[in-house]
Structures are given as C-alpha cells and as structure tokens.
$ cat entry11.txt   # compact mmCIF, C-alpha atoms
# COMPACT_ATOMS: atom_id res chain seq x y z
CA MET N 142 20.40 -9.92 5.35
CA SER N 143 20.40 -12.77 2.86
CA ARG N 144 19.64 -16.47 3.22
CA GLY N 145 20.00 -18.51 0.03
CA THR N 146 18.39 -16.76 -2.93
CA ALA N 147 16.09 -14.51 -0.85
CA SER N 148 16.82 -11.68 1.54
CA THR N 149 15.37 -11.53 5.02
CA THR N 150 14.11 -8.62 7.07
CA PRO N 151 15.44 -7.77 10.55
CA LEU N 152 12.41 -9.62 11.94
CA TYR N 153 13.15 -12.95 10.26
CA GLU N 154 14.01 -14.72 13.53
CA GLU N 155 10.86 -13.31 15.14
CA HIS N 156 8.76 -14.83 12.35
CA ARG N 157 10.47 -18.17 12.85
CA ARG N 158 9.93 -18.00 16.62
CA LEU N 159 6.22 -17.36 16.00
CA GLU N 160 6.10 -20.25 13.48
CA GLY N 161 5.20 -18.00 10.59
CA LYS N 162 4.83 -19.71 7.22
CA LEU N 163 7.63 -18.09 5.23
CA VAL N 164 7.39 -17.73 1.46
CA PRO N 165 9.39 -15.87 -1.21
CA PHE N 166 7.95 -12.40 -1.85
CA ALA N 167 9.61 -9.58 -3.82
CA GLY N 168 13.02 -11.09 -3.18
CA PHE N 169 12.44 -11.61 0.57
CA ARG N 170 11.44 -14.46 2.83
CA MET N 171 8.20 -13.14 4.32
CA PRO N 172 5.43 -14.62 6.50
CA ILE N 173 2.24 -15.26 4.56
CA GLN N 174 0.48 -16.31 7.77
CA TYR N 175 1.04 -17.52 11.32
CA PRO N 176 -0.52 -20.62 12.94
CA THR N 177 -3.65 -18.57 13.75
CA GLY N 178 -4.46 -18.46 10.01
CA ILE N 179 -5.35 -15.74 7.52
CA ARG N 180 -9.01 -15.36 8.50
CA THR N 181 -8.24 -15.01 12.22
CA GLU N 182 -5.49 -12.49 11.49
CA HIS N 183 -7.82 -10.56 9.19
CA HIS N 184 -10.58 -10.36 11.81
CA ALA N 185 -8.06 -9.31 14.49
CA VAL N 186 -7.20 -6.22 12.44
CA ARG N 187 -10.85 -5.35 11.86
CA LYS N 188 -11.85 -5.86 15.51
CA ALA N 189 -8.68 -5.10 17.52
CA ALA N 190 -5.24 -4.79 15.91
CA GLY N 191 -2.60 -6.55 13.87
CA LEU N 192 1.16 -6.13 13.64
CA PHE N 193 2.82 -6.44 10.22
CA ASP N 194 6.44 -6.62 9.13
CA VAL N 195 6.69 -4.44 6.01
CA SER N 196 10.46 -3.98 6.15
CA HIS N 197 10.72 -5.28 2.59
CA MET N 198 9.48 -1.92 1.31
CA GLY N 199 12.09 0.41 -0.18
CA GLN N 200 13.02 3.91 0.99
CA LEU N 201 14.55 6.46 -1.37
CA GLU N 202 15.73 9.79 0.00
CA VAL N 203 15.83 12.93 -2.14
CA ARG N 204 17.63 15.88 -0.59
CA GLY N 205 19.21 19.17 -1.58
CA PRO N 206 18.17 22.63 -2.81
CA ASP N 207 16.36 21.13 -5.81
CA ALA N 208 14.81 18.18 -3.96
CA LEU N 209 11.27 19.51 -4.35
CA ALA N 210 11.80 20.22 -8.05
CA LEU N 211 12.93 16.63 -8.60
CA VAL N 212 10.05 15.13 -6.61
CA GLN N 213 7.66 17.31 -8.60
CA ARG N 214 9.22 16.11 -11.84
CA VAL N 215 8.92 12.38 -11.10
CA THR N 216 5.56 12.24 -9.28
CA VAL N 217 2.05 13.11 -10.44
CA ASN N 218 0.79 14.64 -7.17
CA ASP N 219 1.76 18.11 -5.96
CA ALA N 220 4.52 17.74 -3.38
CA ALA N 221 4.66 21.52 -2.99
CA ARG N 222 1.55 21.16 -0.83
CA LEU N 223 3.41 19.06 1.74
CA GLU N 224 4.15 20.60 5.09
CA LEU N 225 6.93 19.31 7.32
CA GLY N 226 5.67 16.14 8.95
CA GLN N 227 3.15 15.42 6.21
CA ALA N 228 2.96 12.50 3.76
CA GLN N 229 1.30 12.11 0.37
CA TYR N 230 0.17 9.20 -1.79
CA THR N 231 1.41 9.58 -5.35
CA LEU N 232 2.61 7.71 -8.45
CA PHE N 233 5.60 7.43 -10.74
CA CYS N 234 4.42 7.39 -14.38
CA ALA N 235 6.17 6.77 -17.68
CA GLU N 236 6.03 9.29 -20.51
CA ASP N 237 3.02 7.46 -21.94
CA GLY N 238 1.18 7.75 -18.61
CA GLY N 239 1.57 4.11 -17.54
CA VAL N 240 2.10 3.61 -13.80
CA LEU N 241 5.65 2.59 -12.85
CA ASP N 242 4.97 2.46 -9.11
CA ASP N 243 2.76 3.85 -6.38
CA VAL N 244 4.64 5.73 -3.71
CA VAL N 245 4.19 7.53 -0.41
CA VAL N 246 6.29 10.70 -0.09
CA TYR N 247 7.20 12.05 3.37
CA ARG N 248 8.57 15.57 3.79
CA THR N 249 11.14 15.10 6.53
CA SER N 250 12.89 18.52 6.41
CA GLU N 251 12.87 21.74 4.42
CA ASP N 252 14.81 20.14 1.56
CA THR N 253 14.50 16.39 2.20
CA TYR N 254 11.85 13.90 1.07
CA LEU N 255 11.62 10.20 1.85
CA MET N 256 9.82 8.11 -0.77
CA VAL N 257 8.55 4.66 0.22
CA VAL N 258 8.40 2.43 -2.84
CA ASN N 259 7.38 -1.17 -3.51
CA ALA N 260 10.02 -3.77 -2.72
CA ALA N 261 10.13 -5.34 -6.18
CA ASN N 262 10.65 -1.91 -7.77
CA ARG N 263 13.30 -0.57 -5.40
CA ALA N 264 16.33 -0.75 -7.73
CA ALA N 265 14.38 0.27 -10.84
CA ASP N 266 12.75 3.22 -9.04
CA HIS N 267 16.10 4.41 -7.72
CA ALA N 268 17.64 4.36 -11.19
CA TRP N 269 14.56 5.97 -12.75
CA VAL N 270 14.44 8.88 -10.29
CA ARG N 271 18.17 9.46 -10.73
CA SER N 272 17.74 9.51 -14.51
CA HIS N 273 15.58 12.63 -14.16
CA LEU N 274 18.09 14.68 -12.17
CA GLY N 275 19.07 16.56 -15.33
CA GLY N 276 21.59 18.84 -13.62
CA MET N 277 19.41 19.55 -10.59
CA ASN N 278 21.20 20.23 -7.31
CA ALA N 279 19.82 17.21 -5.50
CA ALA N 280 20.97 13.78 -4.35
CA VAL N 281 19.00 10.53 -4.57
CA GLU N 282 20.01 7.79 -2.14
CA ASP N 283 18.61 4.32 -1.55
CA ARG N 284 18.32 4.14 2.24
CA SER N 285 16.26 0.95 2.38
CA ASP N 286 18.87 -0.99 4.35
CA GLU N 287 18.82 1.67 7.08
CA PHE N 288 15.18 1.10 8.00
CA ALA N 289 12.95 -1.58 9.39
CA LEU N 290 9.26 -0.84 8.91
CA LEU N 291 6.44 -2.12 11.12
CA ALA N 292 2.72 -1.50 10.63
CA LEU N 293 0.36 -1.53 13.61
CA GLN N 294 -3.20 -1.44 12.29
CA GLY N 295 -6.67 -1.66 13.77
CA PRO N 296 -9.11 0.18 16.06
CA ALA N 297 -6.94 -0.56 19.12
CA ALA N 298 -3.68 0.48 17.44
CA SER N 299 -3.46 3.90 19.06
CA GLU N 300 -4.11 2.61 22.57
CA ILE N 301 -1.54 -0.18 22.18
CA LEU N 302 1.14 2.08 20.77
CA ASP N 303 0.48 4.76 23.36
CA SER N 304 1.63 2.36 26.09
CA LEU N 305 5.15 2.38 24.59
CA VAL N 306 5.33 6.05 23.59
CA GLU N 307 7.73 8.27 25.52
CA ILE N 308 6.77 11.83 26.33
CA PRO N 309 6.66 14.36 24.66
CA MET N 310 5.22 12.43 21.70
CA ASP N 311 1.41 12.60 21.62
CA LEU N 312 -0.24 10.25 19.13
CA GLY N 313 -3.40 12.35 19.29
CA ASP N 314 -1.49 15.11 17.50
CA VAL N 315 -0.55 12.84 14.57
CA GLY N 316 -3.30 13.18 11.98
CA PHE N 317 -3.99 11.00 8.94
CA PHE N 318 -0.98 11.00 6.59
CA ARG N 319 1.04 12.93 9.16
CA PHE N 320 4.13 11.77 11.03
CA THR N 321 6.39 12.66 13.92
CA SER N 322 9.57 11.44 15.56
CA GLY N 323 10.16 10.19 19.08
CA ARG N 324 10.89 7.03 21.02
CA ILE N 325 8.83 3.86 21.08
CA GLY N 326 9.93 1.42 23.74
CA GLY N 327 13.09 3.49 24.15
CA LYS N 328 13.98 3.25 20.45
CA LYS N 329 14.18 6.22 18.10
CA THR N 330 11.23 5.93 15.72
CA ILE N 331 9.45 7.83 12.97
CA VAL N 332 5.73 7.31 13.62
CA ALA N 333 3.42 7.84 10.63
CA ARG N 334 -0.36 7.59 10.68
CA THR N 335 -0.48 5.65 7.44
CA GLY N 336 -1.43 2.13 6.47
CA TYR N 337 -2.85 -0.30 3.94
CA THR N 338 -5.87 -1.88 5.64
CA GLY N 339 -8.71 0.64 5.82
CA GLU N 340 -8.26 0.79 9.59
CA ASP N 341 -6.66 3.38 11.82
CA GLY N 342 -3.03 2.68 12.52
CA PHE N 343 0.60 3.58 12.27
CA GLU N 344 3.73 2.68 10.35
CA LEU N 345 6.94 2.75 12.38
CA PHE N 346 10.34 3.46 10.83
CA LEU N 347 13.12 2.04 13.02
CA ARG N 348 16.77 1.14 12.95
CA PRO N 349 16.97 -2.52 11.85
CA ALA N 350 18.73 -3.51 15.08
CA ASP N 351 15.90 -2.00 17.16
CA ALA N 352 13.02 -3.64 15.30
CA PRO N 353 12.89 -7.03 17.11
CA GLU N 354 12.66 -5.47 20.56
CA VAL N 355 9.89 -3.07 19.51
CA TRP N 356 8.07 -5.91 17.71
CA ARG N 357 8.13 -8.03 20.87
CA GLY N 358 7.15 -5.08 23.05
CA LEU N 359 4.12 -4.30 20.90
CA LEU N 360 2.97 -7.92 20.89
CA ASP N 361 3.33 -8.09 24.67
CA GLU N 362 1.49 -4.81 25.29
CA GLY N 363 -1.19 -5.61 22.73
CA ALA N 364 -1.98 -9.14 23.88
CA GLU N 365 -4.76 -8.01 26.20
CA PHE N 366 -6.39 -6.12 23.31
CA GLY N 367 -6.29 -9.09 20.95
CA LEU N 368 -3.28 -7.96 18.92
CA LEU N 369 -1.89 -10.63 16.59
CA PRO N 370 1.08 -10.78 14.22
CA VAL N 371 -0.29 -10.68 10.67
CA GLY N 372 1.19 -12.01 7.45
CA LEU N 373 0.94 -11.12 3.78
CA GLY N 374 -2.19 -13.18 3.27
CA ALA N 375 -4.40 -11.08 5.52
CA ARG N 376 -2.63 -7.92 4.40
CA ASP N 377 -3.94 -8.67 0.92
CA THR N 378 -7.53 -9.43 1.94
CA LEU N 379 -7.63 -6.33 4.14
CA ARG N 380 -6.34 -3.97 1.46
CA LEU N 381 -8.70 -5.43 -1.15
CA GLU N 382 -11.74 -4.98 1.10
CA ALA N 383 -10.60 -1.37 1.51
CA GLY N 384 -10.34 -0.97 -2.28
CA LEU N 385 -6.60 -0.26 -2.20
CA CYS N 386 -4.55 -1.11 -5.29
CA LEU N 387 -1.60 -3.50 -5.39
CA TYR N 388 1.21 -2.68 -7.79
CA GLY N 389 1.80 -5.52 -10.23
CA ASN N 390 -1.85 -6.57 -10.03
CA ASP N 391 -4.11 -3.51 -10.22
CA LEU N 392 -1.44 -1.00 -11.22
CA ASP N 393 1.19 -1.43 -13.91
CA ALA N 394 2.86 0.26 -16.86
CA ASP N 395 0.01 -0.80 -19.17
CA HIS N 396 -2.58 1.24 -17.27
CA THR N 397 -2.74 4.91 -16.30
CA PRO N 398 -3.87 6.58 -13.07
CA LEU N 399 -7.00 7.82 -14.84
CA GLU N 400 -7.94 4.27 -15.82
CA ALA N 401 -7.13 3.01 -12.31
CA GLY N 402 -9.47 5.47 -10.59
CA LEU N 403 -6.52 7.42 -9.20
CA GLY N 404 -7.06 10.59 -11.20
CA TRP N 405 -7.37 12.45 -7.89
CA THR N 406 -3.61 12.05 -7.43
CA VAL N 407 -2.79 13.74 -10.76
CA LYS N 408 -2.33 17.49 -10.33
CA PHE N 409 -2.03 18.92 -13.85
CA GLU N 410 -2.02 22.48 -12.52
CA LYS N 411 1.34 22.04 -10.78
CA GLY N 412 3.23 22.17 -14.09
CA GLU N 413 5.44 19.73 -15.92
CA PHE N 414 5.96 16.16 -14.73
CA VAL N 415 6.77 12.89 -16.42
CA GLY N 416 3.67 11.61 -18.21
CA ARG N 417 1.71 14.87 -17.99
CA GLU N 418 1.06 15.32 -21.71
CA ALA N 419 -0.14 11.75 -22.24
CA LEU N 420 -2.41 11.93 -19.20
CA LEU N 421 -3.80 15.30 -20.25
CA ARG N 422 -4.69 13.88 -23.68
CA GLN N 423 -6.37 10.90 -22.08
CA LYS N 424 -8.34 13.13 -19.74
CA GLU N 425 -9.57 15.22 -22.68
CA GLU N 426 -10.44 12.18 -24.80
CA GLY N 427 -11.89 10.12 -21.96
CA VAL N 428 -10.82 6.68 -20.79
CA THR N 429 -12.03 3.57 -22.59
CA ARG N 430 -11.51 1.23 -19.61
CA ARG N 431 -11.72 1.65 -15.86
CA LEU N 432 -10.57 -0.33 -12.84
CA SER N 433 -13.84 -1.47 -11.32
CA GLY N 434 -15.01 -3.36 -8.29
CA ILE N 435 -17.12 -6.48 -8.60
CA ARG N 436 -19.17 -8.14 -5.85
CA LEU N 437 -20.36 -11.66 -6.54
CA THR N 438 -24.02 -12.37 -5.88
CA GLU N 439 -23.39 -16.12 -5.92
CA ARG N 440 -20.88 -18.12 -3.90
CA GLY N 441 -17.45 -18.04 -5.51
CA PHE N 442 -13.77 -17.31 -4.90
CA PRO N 443 -12.45 -14.98 -7.62
CA ARG N 444 -8.71 -15.03 -8.19
CA PRO N 445 -6.35 -12.90 -10.29
CA GLY N 446 -6.46 -13.85 -13.94
CA TYR N 447 -10.02 -15.19 -13.94
CA PRO N 448 -12.05 -13.87 -16.93
CA VAL N 449 -14.80 -11.31 -16.42
CA VAL N 450 -17.79 -12.01 -18.64
CA SER N 451 -20.67 -9.87 -19.90
CA GLU N 452 -23.45 -11.46 -21.97
CA GLY N 453 -21.24 -14.45 -22.70
CA ARG N 454 -18.29 -12.34 -23.87
CA VAL N 455 -14.99 -11.99 -22.01
CA VAL N 456 -14.55 -8.26 -21.29
CA GLY N 457 -11.63 -8.27 -18.86
CA ASP N 458 -9.65 -10.22 -16.28
CA VAL N 459 -9.61 -10.09 -12.49
CA THR N 460 -6.57 -8.18 -11.25
CA SER N 461 -7.23 -8.85 -7.55
CA GLY N 462 -9.81 -11.13 -6.01
CA THR N 463 -10.71 -12.95 -2.82
CA LEU N 464 -13.52 -14.31 -0.71
CA SER N 465 -13.94 -11.43 1.69
CA PRO N 466 -13.54 -12.60 5.32
CA THR N 467 -15.55 -9.63 6.57
CA LEU N 468 -18.37 -9.62 4.02
CA GLY N 469 -18.53 -13.34 3.32
CA GLU N 470 -18.75 -12.86 -0.43
CA GLY N 471 -16.46 -12.82 -3.44
CA ILE N 472 -14.94 -9.43 -4.28
CA ALA N 473 -12.65 -8.46 -7.12
CA LEU N 474 -11.05 -5.66 -9.10
CA ALA N 475 -10.85 -5.73 -12.88
CA TYR N 476 -10.35 -3.36 -15.79
CA LEU N 477 -13.66 -3.18 -17.65
CA PRO N 478 -14.76 -1.30 -20.77
CA ALA N 479 -15.95 2.14 -19.66
CA GLU N 480 -19.53 1.38 -20.70
CA LEU N 481 -19.64 -1.57 -18.29
CA ALA N 482 -17.94 0.14 -15.36
CA ASP N 483 -20.95 1.86 -13.80
CA PRO N 484 -22.42 0.63 -10.49
CA ASP N 485 -24.87 -2.29 -10.51
CA ILE N 486 -24.17 -3.41 -14.08
CA PRO N 487 -24.40 -7.21 -14.09
CA VAL N 488 -21.20 -9.10 -14.92
CA SER N 489 -19.91 -12.58 -14.18
CA ILE N 490 -16.56 -14.03 -13.21
CA ARG N 491 -15.63 -17.33 -14.82
CA ILE N 492 -14.53 -19.68 -12.05
CA ARG N 493 -13.61 -23.24 -13.06
CA ASP N 494 -15.63 -23.00 -16.30
CA ARG N 495 -18.72 -21.65 -14.51
CA ASP N 496 -19.84 -18.05 -14.86
CA VAL N 497 -20.60 -16.82 -11.35
CA ASP N 498 -22.95 -13.85 -11.28
CA GLY N 499 -22.02 -10.51 -9.78
CA ARG N 500 -22.45 -6.77 -10.13
CA VAL N 501 -20.13 -3.83 -10.58
CA ALA N 502 -19.65 -2.16 -7.19
CA PRO N 503 -17.45 0.88 -6.58
CA PRO N 504 -14.70 0.15 -4.04
CA PRO N 505 -14.10 0.25 -1.16
CA PHE N 506 -16.09 -2.90 -0.51
CA TYR N 507 -15.81 -2.46 3.25
CA ARG N 508 -16.63 1.02 4.58
CA GLU N 509 -16.95 0.50 8.33
CA GLY N 510 -13.27 0.67 9.28
CA SER N 511 -11.85 2.69 12.15
CA LEU N 512 -9.85 4.99 9.88
CA LYS N 513 -10.78 8.62 10.43
CA LYS N 514 -9.38 10.92 7.74
$ encode --input "entry11.txt" --output "structure tokens"
Amino acid sequence: MSRGTASTTPLYEEHRRLEGKLVPFAGFRMPIQYPTGIRTEHHAVRKAAGLFDVSHMGQLEVRGPDALALVQRVTVNDAARLELGQAQYTLFCAEDGGVLDDVVVYRTSEDTYLMVVNAANRAADHAWVRSHLGGMNAAVEDRSDEFALLALQGPAASEILDSLVEIPMDLGDVGFFRFTSGRIGGKKTIVARTGYTGEDGFELFLRPADAPEVWRGLLDEGAEFGLLPVGLGARDTLRLEAGLCLYGNDLDADHTPLEAGLGWTVKFEKGEFVGREALLRQKEEGVTRRLSGIRLTERGFPRPGYPVVSEGRVVGDVTSGTLSPTLGEGIALAYLPAELADPDIPVSIRIRDRDVDGRVAPPPFYREGSLKK
C-alpha cells in the first residue's frame, strides 16, 4: 500500500485507530510510539509483553536444487547446519568484508529458504543475491508483499499467544530460533521464536489481509496481562539494552563482522563465500577497531554521532545511544580502537560540549530478560 511518498503496512489503519504517532521510516509510515509513550511501552515488554508491527521488513525466497549453494555463497554463516523449521542469524558481506545487511534465514522446505532482510535494503539485497546466481539452478523471489509480520515479545508472550493457537500447534515445542506453521486466531501463520528485544517472544508471518484481525485479537487477549502496542522508539531502546546491532548505525559496509563483534557468525570452514578471503586476512592480522559498549557513570543521554573521547582525544563516534529506561543510565555502542575496547577502560562521550564520563562495558547491557536460548 502507498500513501503519498511513503508506503504503509497492512496495519496502518490499526495504528491510526490506536493514535500511533506515524513517522517516515525506511520508506514506510510507521508508528514511533502510541499515546502511552516510549518508556511505558518499553517497560511493558520487559515486564509483560508488547506487540510490534514489523511488516516493513523484506522477505526474499531462494528455492530450487541449488538453493543451499546460493545461500551458502551469499551469507557468512553455515546454512548447511539448518534443519527444517530452524532459523539462523547471518550477514551479507561485500568482497572486502564490509557488512551489506544482517539477515535471518529460515529453512522452510528441503530446497527453500526464506531470508528476512532490512526494509531499506530490500531491493538492493534482492539484486545482490540474484547477481551471485552464476548459473545455479535456483530462483530468487522478493515475496515481501505477500507477508505481514508481527512481533509479540515479553515474558507473557507465550501465554498470550497460546490463547489464540489452534491445536495441534504447541508453542512449547518451538525452541529458540525455531519455527512452525499453524493457525493463530483462525489465520494461517508461520510462528517463529525469534525477536529483537532480549525477551522471549515470537514473530508471526501472516497474509496481509489477515494481519489486522490477528493484531486486534492479540491486543484483546493480552490486555489482562498488560500487553501494549509498541512503536519503533521502544523497539530501539529494547534492542540496544540487549546489545543487538542496527543496520545503518552499528553495521554497515565500512565495518566487518569481526570488527562488529559478530565473528561468531562467520564460518570459514564451510568453504567459499563472498568476503571470505578479506575476512580471513583480517582475522589473521587482527582487528584495529571493535564495536564496544559504553555505560555512562554520569547523567547523560548519548545519541548517534556524538564523539567518544579518551584523554581529551576523539577516538570514535556513538553509533547507537540512549538513556536506558530499564537501567536508568546512558548506554551506547561505538567503534573504538582495539586498545581501548577492553572492559572498564574509562572513556567519555561528548554531549553538548561536555565530556560525560563512562566506561567500556561489553554488551548486552541488560541481562535479565526472559529469553531462554
């Protein structure tokens, strides 16, 4: 759907009905918050549950006899390890090792993989994956318009969702980064135990026409638990507390997975993939900068772009920052020289011409979430 210069998700009218504050985001009109406010929405997810519209995300399907070979070629993780009904966090990298996008790959059949990509990168990712077909017997299709995507997150998420699940689906059988298919509120749904908050929860893939009814059903069923609709504002504070990267801020083509602390996703032993040689060289030589967490020890609100200072010298810039609603202190991510990236090293963040003291602190900043891996 399109209104003016921005597209809308299938839940646009629901956001308007709930008086969500709609802003342009990645080409869509999305709610940044509802009248309850970002802090209240944030705390609802930590204490009970929140419901997010993430239908702006893109979905690329790779299918055919060589589907696995293509996924292996364009991602750094080892998709050969995926069982049916299993998902995997991974990255697209350029030949020089820079990150082009972070992706979740779902193995939906013997020779079919669904890749969820960031909304702003949807068209570029589609073209990039297709450019690596190289005669492989596989098809790459952008199926984004065929899905609405909801995220139900928080310690009460399972109990809320279970009230709408139709037998024989059993949420207890869906482990972390696993998924199944069934009916939620009578609507055919792919239910994945994935999320972006540091809490237990699910992401629901639905037909666009079915999304509003399921959205309303979840809000009705979850009201007694404290479920609230949640916008992009709290989504950002939640993911930052959990130490999760945001593409375009903490991940980009100028930084590699090894620099971003995502070396665990890079499986060199699987064989050739785009960026392997550059990443192997960097691993052997060692990184000179690392994405690091910073916790302020003085009151301050760090924001992206603010300088990070060590002994009066600017040594980096904040890539993501906020005043943590849960912790009550400023937290940030920044690329720092490797020699300054160890825990407890004192650094400052320059906020309105004042250097606010802090210390390097390995993310996640918040470790008490309900997520059980």
$ closest_residue --input "entry11.txt" --among "N:Pro504, N:Pro466, N:Gly205, N:Gly226" --to "Phe320 (chain N)" --atoms "all atoms listed in the file"
N:Gly226
$ closest_residue --input "entry11.txt" --among "N:Ala264, N:Ala208, N:Ala502, N:Leu345" --to "Asn278 (chain N)" --atoms "all atoms listed in the file"
N:Ala208
$ residues_around --input "entry11.txt" --residues "region 398-412 of chain N" --least-positions-apart "2" --cutoff "7 Å" --atoms "all atoms listed in the file" --output "list of chain:residue names"
N:Val217, N:Asn218, N:Asp219, N:Thr231, N:Val240, N:His396, N:Phe414, N:Arg417, N:Val428, N:Arg430, N:Arg431, N:Leu432
$ atom_distance --input "entry11.txt" --atom1 "CA of Met277 (chain N)" --atom2 "CA of Val257 (chain N)"
21.4 Å
$ residues_near_point --input "entry11.txt" --point "(10.9, -6.8, 20.5)" --cutoff "12 Å" --atoms "only C-alpha atoms" --output "PDB file with C-alpha atoms, keeping the file's coordinate frame"
ATOM      1  CA  PRO N 151      15.440  -7.770  10.550  1.00  0.00           C
ATOM      2  CA  LEU N 152      12.410  -9.620  11.940  1.00  0.00           C
ATOM      3  CA  GLU N 154      14.010 -14.720  13.530  1.00  0.00           C
ATOM      4  CA  GLU N 155      10.860 -13.310  15.140  1.00  0.00           C
ATOM      5  CA  HIS N 156       8.760 -14.830  12.350  1.00  0.00           C
ATOM      6  CA  ARG N 158       9.930 -18.000  16.620  1.00  0.00           C
ATOM      7  CA  LEU N 192       1.160  -6.130  13.640  1.00  0.00           C
ATOM      8  CA  LEU N 291       6.440  -2.120  11.120  1.00  0.00           C
ATOM      9  CA  LEU N 305       5.150   2.380  24.590  1.00  0.00           C
ATOM     10  CA  ILE N 325       8.830   3.860  21.080  1.00  0.00           C
ATOM     11  CA  GLY N 326       9.930   1.420  23.740  1.00  0.00           C
ATOM     12  CA  GLY N 327      13.090   3.490  24.150  1.00  0.00           C
ATOM     13  CA  LYS N 328      13.980   3.250  20.450  1.00  0.00           C
ATOM     14  CA  LEU N 347      13.120   2.040  13.020  1.00  0.00           C
ATOM     15  CA  PRO N 349      16.970  -2.520  11.850  1.00  0.00           C
ATOM     16  CA  ALA N 350      18.730  -3.510  15.080  1.00  0.00           C
ATOM     17  CA  ASP N 351      15.900  -2.000  17.160  1.00  0.00           C
ATOM     18  CA  ALA N 352      13.020  -3.640  15.300  1.00  0.00           C
ATOM     19  CA  PRO N 353      12.890  -7.030  17.110  1.00  0.00           C
ATOM     20  CA  GLU N 354      12.660  -5.470  20.560  1.00  0.00           C
ATOM     21  CA  VAL N 355       9.890  -3.070  19.510  1.00  0.00           C
ATOM     22  CA  TRP N 356       8.070  -5.910  17.710  1.00  0.00           C
ATOM     23  CA  ARG N 357       8.130  -8.030  20.870  1.00  0.00           C
ATOM     24  CA  GLY N 358       7.150  -5.080  23.050  1.00  0.00           C
ATOM     25  CA  LEU N 359       4.120  -4.300  20.900  1.00  0.00           C
ATOM     26  CA  LEU N 360       2.970  -7.920  20.890  1.00  0.00           C
ATOM     27  CA  ASP N 361       3.330  -8.090  24.670  1.00  0.00           C
ATOM     28  CA  GLU N 362       1.490  -4.810  25.290  1.00  0.00           C
TER      29      GLU N 362
END
$ atom_distance --input "entry11.txt" --atom1 "CA of Leu373 (chain N)" --atom2 "CA of Val195 (chain N)"
9.1 Å
$ residues_near_point --input "entry11.txt" --point "(-0.9, -17.5, 9.6)" --cutoff "12 Å" --atoms "all atoms listed in the file" --output "ChimeraX atom specification"
/N:156-157,159-164,171-183,185,191,193,369-376
$ atom_distance --input "entry11.txt" --atom1 "CA of Phe506 (chain N)" --atom2 "CA of Gly239 (chain N)"
25.5 Å
$ closest_residue --input "entry11.txt" --among "N:Ala235, N:Val488, N:Asp483, N:Asp207" --to "Gly457 (chain N)" --atoms "only C-alpha atoms"
N:Val488
$ closest_residue --input "entry11.txt" --among "N:Gly238, N:Ser250, N:Phe169, N:Leu211" --to "Ala419 (chain N)" --atoms "all atoms listed in the file"
N:Gly238
$ closest_residue --input "entry11.txt" --among "N:Ser465, N:Phe318, N:Val306, N:Asp377" --to "Gln229 (chain N)" --atoms "all atoms listed in the file"
N:Phe318
$ closest_residue --input "entry11.txt" --among "N:Pro296, N:Pro165, N:Pro487, N:Gly427" --to "Asp341 (chain N)" --atoms "only C-alpha atoms"
N:Pro296
$ residues_around --input "entry11.txt" --residues "Ile490 (chain N)" --least-positions-apart "3" --cutoff "9 Å" --atoms "only C-alpha atoms" --output "list of chain:residue names"
N:Ile435, N:Leu437, N:Gly441, N:Pro443, N:Tyr447, N:Pro448, N:Val449, N:Val450, N:Ser451, N:Asp458, N:Val459, N:Arg495, N:Asp496, N:Val497, N:Asp498, N:Gly499
$ write_last_selection --input "entry11.txt" --atoms "C-alpha atoms" --output "JSON list (two decimals), keeping the file's coordinate frame"
[["chain", "number", "residue", "atom", "x", "y", "z"],
["N", 435, "ILE", "CA", -17.12, -6.48, -8.60],
["N", 437, "LEU", "CA", -20.36, -11.66, -6.54],
["N", 441, "GLY", "CA", -17.45, -18.04, -5.51],
["N", 443, "PRO", "CA", -12.45, -14.98, -7.62],
["N", 447, "TYR", "CA", -10.02, -15.19, -13.94],
["N", 448, "PRO", "CA", -12.05, -13.87, -16.93],
["N", 449, "VAL", "CA", -14.80, -11.31, -16.42],
["N", 450, "VAL", "CA", -17.79, -12.01, -18.64],
["N", 451, "SER", "CA", -20.67, -9.87, -19.90],
["N", 458, "ASP", "CA", -9.65, -10.22, -16.28],
["N", 459, "VAL", "CA", -9.61, -10.09, -12.49],
["N", 495, "ARG", "CA", -18.72, -21.65, -14.51],
["N", 496, "ASP", "CA", -19.84, -18.05, -14.86],
["N", 497, "VAL", "CA", -20.60, -16.82, -11.35],
["N", 498, "ASP", "CA", -22.95, -13.85, -11.28],
["N", 499, "GLY", "CA", -22.02, -10.51, -9.78]]
$ residues_around --input "entry11.txt" --residues "Asp237 (chain N)" --least-positions-apart "6" --cutoff "9 Å" --atoms "only C-alpha atoms" --output "number ranges by chain"
N: 394, 397, 415-420
$ decode --input "entry11.txt" --residues "region 360-395 of chain N" --atoms "C-alpha atoms" --output "compact mmCIF listing (two decimals), in the first residue's frame"
# COMPACT_ATOMS: atom_id res chain seq x y z
CA LEU N 360 -4.35 -7.00 21.94
CA ASP N 361 -7.72 -8.15 23.29
CA GLU N 362 -6.36 -11.42 24.71
CA GLY N 363 -3.26 -9.74 26.10
CA ALA N 364 -4.96 -6.81 27.81
CA GLU N 365 -5.27 -8.64 31.13
CA PHE N 366 -1.53 -9.39 31.05
CA GLY N 367 -0.54 -5.78 30.37
CA LEU N 368 0.14 -6.19 26.65
CA LEU N 369 0.59 -2.90 24.80
CA PRO N 370 1.17 -1.98 21.15
CA VAL N 371 4.77 -0.82 20.82
CA GLY N 372 6.37 1.52 18.31
CA LEU N 373 9.81 1.96 16.81
CA GLY N 374 11.02 4.11 19.68
CA ALA N 375 10.81 1.40 22.31
CA ARG N 376 11.93 -1.20 19.79
CA ASP N 377 15.19 0.73 19.55
CA THR N 378 15.73 1.14 23.30
CA LEU N 379 14.93 -2.53 23.89
CA ARG N 380 17.31 -3.84 21.24
CA LEU N 381 20.10 -1.52 22.42
CA GLU N 382 19.76 -2.68 26.03
CA ALA N 383 20.04 -6.23 24.67
CA GLY N 384 23.19 -5.29 22.74
CA LEU N 385 21.65 -6.04 19.34
CA CYS N 386 23.01 -4.21 16.31
CA LEU N 387 21.01 -1.97 13.99
CA TYR N 388 21.98 -1.95 10.33
CA GLY N 389 22.84 1.55 9.16
CA ASN N 390 24.01 2.52 12.65
CA ASP N 391 26.16 -0.25 14.13
CA LEU N 392 26.56 -2.30 10.96
CA ASP N 393 27.47 -1.00 7.52
CA ALA N 394 29.69 -1.58 4.51
CA ASP N 395 32.58 0.25 6.20
